[in-house]
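Read through the structure below, which is laid out as structure tokens, and then see the notes.
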Amino acid sequence: MSGFALERLVPAHVQAFEAYVPSPPDDVLRRRFGVAHLHRLNNNENPLGPPAASRAVLARWDEREAALYPQGDGWHLRRAIAGRFGLDAEQVILGNGANEVIAFVIKAFCEAGDNIVTADRTFAVYEWLASFSGIEPRLVPLRDHGFDDAALLRAIDARSRVVFLCNPNNPTGSWWDHAKLARFLDAVAGRAIVVVDEAYAEFAEAPDFPDSFALMARHPNLIVFRTFSKMWGLAGLRIGWMAAAPAVAATVRKTTISYSVNRLALEAAREAVWDEAHIAASRAQVRAARAGLGALAERLGLTMLGGIGNFAMLRLPMPDTVVHRRLMARGVMARAMTSFRYPGWLRVSFGSAPAMAAFGQALEAVLAER
Amino acid sequence: MTGDDAAPCLNLPPGPRFAAVGAEFVRGAAAILGAEPHRGDRLALIAEEVLAASPPGSGPVSLALRDRRHAMRLELGFTTADLDLAGLDQARRRDVEDLAEVGLYLAARLADQLTTHPAGAGGLRLDFDVARSYPPRRAQPPPPGLGPVQGVPVEPDDATLALLVEWAEASGAGGTAFRTPARVLDQRAAGELAALVALDARRRPLGGLFWQSFGRRLMALSGPALLLPGGAGRAALATALLHAALARLARGSIQGLVVLEAAPDMPAEAFEVVGHLPDAAGGRHPVLFRALEEDPGGIAWVPDMLRGWVAGTVRRLGLGRDIEAPPPPARATGAAMAAETDRAASRVTLRPLLAAADAAAVALGNVALFRAQGFGQFRAVLDLGQPSHAAFAEGLVQAGLAPAALIPDAAGDLLLLATPG
């Protein structure tokens with residue numbers, strides 16, 4: 001192996017990037033923190049799980065199918081989604097979770113010297129994927145905890161290729177309504193692709209939440225992301241999707257990885273489309289959990305921040321990373337927000353009633369021992 | 001080659017034959033890079049001694065000279081880490097029979113700081129730093145009527161940074177990091193210090209915060225140096241500076257911020273106390289820590305004698321740790337520690353260089369040596385993520401050091417030991 005100099009072969013933007021290290025599995029965490037059970041309130045998972053029809057798919061899964069490749073581009077699922085939203089199946093592209101779809105879009109539109117524009121305090125993967133792809137992420141500060149349309153427009157220049165909007169925003173839950181998104185698209189005027197990541201859109205009950213698929217007809221530079229990980233309770237199977245105008249979708253398709261979504265995910269997701277009863281039950285669960293968390297915040301004198309989505313943030317009187325550890329030691333996982341550039345805030349997913357009760361007790365105890 | 005394109009480099013065979021060639025290369029390169037002759041001579045002598053002491057079978061030795069502005073760094077790279085570096089340990093008694101060890105001893109004494117790093121494909125790199133000296137000068141105080149704060153903290157230009165340090169020095173604000181503007185500018189130019197400064201409407205500095213590398217994944221925070229008069233505005237400014245620093249460092253490689261000696265205005269509620277260090281006045285001050293990332297738990301390799309203290313601290317801090325007993329070192333002899341000395345503070349900080357079964361005796365010997373030289377304060381830093389570091393603990397404790405702080409890092413907590421004040 002003489003003469004092998006790894007550093008020489010690694011691009012500077014990859015050398016400069018720090019690999020994301022996921023949390024260890026729950027059994028390791030339980031042992032390390034000395035607890036018998038961990039309530040997962042850190043990943044915005046749906047405590048109701050997948051819809052009944054999807055669960056039935058999983059229950060009748062024939063394990064011999066594990067030996068077979070999936071269909072390469074989700075033929076049936078794309079048609080089911082397209083039918084639900086009045087699209088053509090060719091406008092829909094699937095990915096191994098929405099994260100993979102983000103990568104498809106960046107690869108399709110960006111090259112060295114280009115930039116993407118997004119917020120500084122939003123879902124991290126837009127920034128990360130751009131950074132380790134050698135693309136500059138332009139991070140625009142939030143205004144009043146929401147995406148700042150005017151500042152985003154100012155940040156766009158001739159090398160801006162994609163603007164990523166997270167609507168509703170993770171972690172603040174702030175959101176743009178249909179009119180505001182339409183005005184923004186008008187102002188961008190086709191200078192860049194505008195991605196609206198609607199991972200939590202199915203939790204929106206407000207009538208003026210954007211109908212982005214309708215806007216796509218007038219704005220062919222608009223791409224909409226959705227996921228089966230949040231409302232649909234299929235996070236463990238990793239499946240997300242995007243929709244775009246035909247020419248844009250055809251461009252993105254060039255950078256996609258066929259066969260990256262597994263058989264089980266395709267079938268379970270297909271059955272989930274579009275179970276209104278599951279949506280109604282999940283929204284009711286979120287409403288109840290939000291009310292409970294609000295009451296807890298009021299009792300503890302904490303500011304609560306949230307809008308749309310199955311999560312909210314609490315402002316703490318002590319470092320969030322310390323609270324995170326101490327909650328872990330009491331069997332509750334929540335998300336410390338310093339890494340989202342919200343030091344002193346904790347994001348809490350709306351979990352099951354027992355999990356929320358455990359969180360409330362644990363948080364009270366942690367704050368009491370300050 | 002260990003240097004980047006800007007650093008002059010040379011590869012030479014190990015052993016005494018080419019030692020003088022290496023010395024002349026370093027002396028010449030140092031002169032071209034602007035080092036004063038006496039610094040060039042010290043660096044040349046280090047190169048000569050280390051080359052001469054390098055065992056014949058150890059492969060080519062790379063030399064690179066890097067201008068860090070506030071210090072000149074000689075990097076010596078070896079293709080193997082299996083070297084006898086015991087002579088670098090200053091506590092080793094000079095044995096006139098062993099010239100190689102004397103040479104390494106001399107090299108270590110000539111440097112202001114010596115650090116070791118693993119190098120690619122099983123190699124080892126020794127970095128010898130020789131500091132630049134700055135002429136003493138009288139700092140000018142800040143003008144009256146500064147403020148109020150305008151906008152968010154920014155990375156200052158050189159003139160603003162120099163002004164902040166100048167005014168902080170004159171007002172005694174911020175601590176020792178906020179002294180000697182030229183040195184601070186050099187540290188920043190070398191990429192070894194980052195600064196955020198709050199400004200008023202006339203773009204004059206009102207306060208600042210610095211951070212510098214502390215181990216692999218941590219930063220040491222200094223300040224804040226606040227130039228505003230007392231009142232609510234000061235606390236808000238300190239918090240704004242800290243939050244801006246946290247935002248700047250989030251989503252990168254840095255896992256946490258350490259404050260070894262907090263300035264009075266540091267917002268303590270934003271930190272946790274991970275231990276206490278003795279101070280020069282005979283008291284103790286808290287060691288503060290602020291994690292940037294969630295701590296998912298990890299392994300801590302802890303020798304029996306420290307297990308009780310570490311386990312208690314882990315519990316107090318709510319850390320998830322598997323506390324394991326370390327395996328004995330693979331090498332029988334040749335343990336070495338690096339020493340960083342601070343004459344002004346009468347302080348020595350020891351770090352393991354190379355573990356072996358004689359590590360305890362080596363640790364004990366290091367403390368004894370520096371005590372004999374008049375140093376009064378001792379610190380040692382053990383990485384609990386490295387099983388081999390535990391071997392030094394027994395000697396350090398025997399020499400009078402005690403656990404003082406546990407700085408959390410899931411990839412390897414740092415255990416800070418110190419002599420009582």
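For the structure tokens, the naming scheme is as follows: chains receive sequential letters (A, B, ...) according to their order of presentation, residues are indexed from 1 within each chain, and ligands are indexed from 1 in presentation order.
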(Q) as number ranges by chain, please: every residue in region 185-313 of chain A that a backbone DSSP assignment puts in strand (DSSP E or B). (A) A: 193-197, 222-227, 240-244, 304-305, 311-313
Q) If we count only C-alpha atoms, which residues of chain A reach to within 7 Å of chain B? Please list them as an MDAnalysis selection string. A) chainID A and resid 18 23:24 29 32:33 318:319 321 324:326 329 336 338:339 341 343
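On the backbone of this structure, DSSP gives helix (DSSP H, G or I) within region 161-249 of chain A to His178, Ala179, Lys180, Leu181, Ala182, Arg183, Phe184, Leu185, Asp186, Ala187, Val188, Ala201, Glu202, Phe203, Ser212, Phe213, Ala214, Leu215, Met216, Ala217, Arg218, Ala235, Gly236, Leu237, Pro246, Ala247, Val248 and Ala249 of chain A.
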Include C-alpha atoms and write out the residues we just selected as a PDB file, in the first residue's frame.
```pdb
ATOM      1  CA  HIS A 178     -50.748  29.866   0.296  1.00  0.00           C
ATOM      2  CA  ALA A 179     -50.725  33.548  -0.566  1.00  0.00           C
ATOM      3  CA  LYS A 180     -47.275  34.137   0.909  1.00  0.00           C
ATOM      4  CA  LEU A 181     -45.771  31.168  -0.889  1.00  0.00           C
ATOM      5  CA  ALA A 182     -47.385  32.321  -4.136  1.00  0.00           C
ATOM      6  CA  ARG A 183     -45.958  35.828  -3.682  1.00  0.00           C
ATOM      7  CA  PHE A 184     -42.525  34.393  -2.990  1.00  0.00           C
ATOM      8  CA  LEU A 185     -42.630  32.267  -6.124  1.00  0.00           C
ATOM      9  CA  ASP A 186     -43.671  35.305  -8.109  1.00  0.00           C
ATOM     10  CA  ALA A 187     -40.713  37.230  -6.729  1.00  0.00           C
ATOM     11  CA  VAL A 188     -38.236  34.451  -7.431  1.00  0.00           C
ATOM     12  CA  ALA A 201     -48.022  19.124   5.749  1.00  0.00           C
ATOM     13  CA  GLU A 202     -50.493  16.354   6.572  1.00  0.00           C
ATOM     14  CA  PHE A 203     -50.700  17.735  10.117  1.00  0.00           C
ATOM     15  CA  SER A 212     -48.414  23.542  -3.488  1.00  0.00           C
ATOM     16  CA  PHE A 213     -49.438  21.116  -6.175  1.00  0.00           C
ATOM     17  CA  ALA A 214     -51.796  23.742  -7.537  1.00  0.00           C
ATOM     18  CA  LEU A 215     -49.005  26.356  -7.466  1.00  0.00           C
ATOM     19  CA  MET A 216     -46.799  24.013  -9.452  1.00  0.00           C
ATOM     20  CA  ALA A 217     -48.980  24.528 -12.501  1.00  0.00           C
ATOM     21  CA  ARG A 218     -48.161  28.254 -12.487  1.00  0.00           C
ATOM     22  CA  ALA A 235     -40.110   6.116   9.232  1.00  0.00           C
ATOM     23  CA  GLY A 236     -38.440   2.758   9.756  1.00  0.00           C
ATOM     24  CA  LEU A 237     -39.020   1.772   6.134  1.00  0.00           C
ATOM     25  CA  PRO A 246     -42.772  17.336 -15.925  1.00  0.00           C
ATOM     26  CA  ALA A 247     -39.578  18.881 -17.299  1.00  0.00           C
ATOM     27  CA  VAL A 248     -38.141  19.448 -13.821  1.00  0.00           C
ATOM     28  CA  ALA A 249     -39.057  15.923 -12.732  1.00  0.00           C
TER      29      ALA A 249
END
```
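Between CA of Ala235 (chain B) and CA of Leu185 (chain B) the interatomic distance comes to 26.5 Å.
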Q) What separation in Å, quoted to one decimal, exists between CA of Arg132 (chain B) and CA of Thr160 (chain B)? A) 22.7 Å
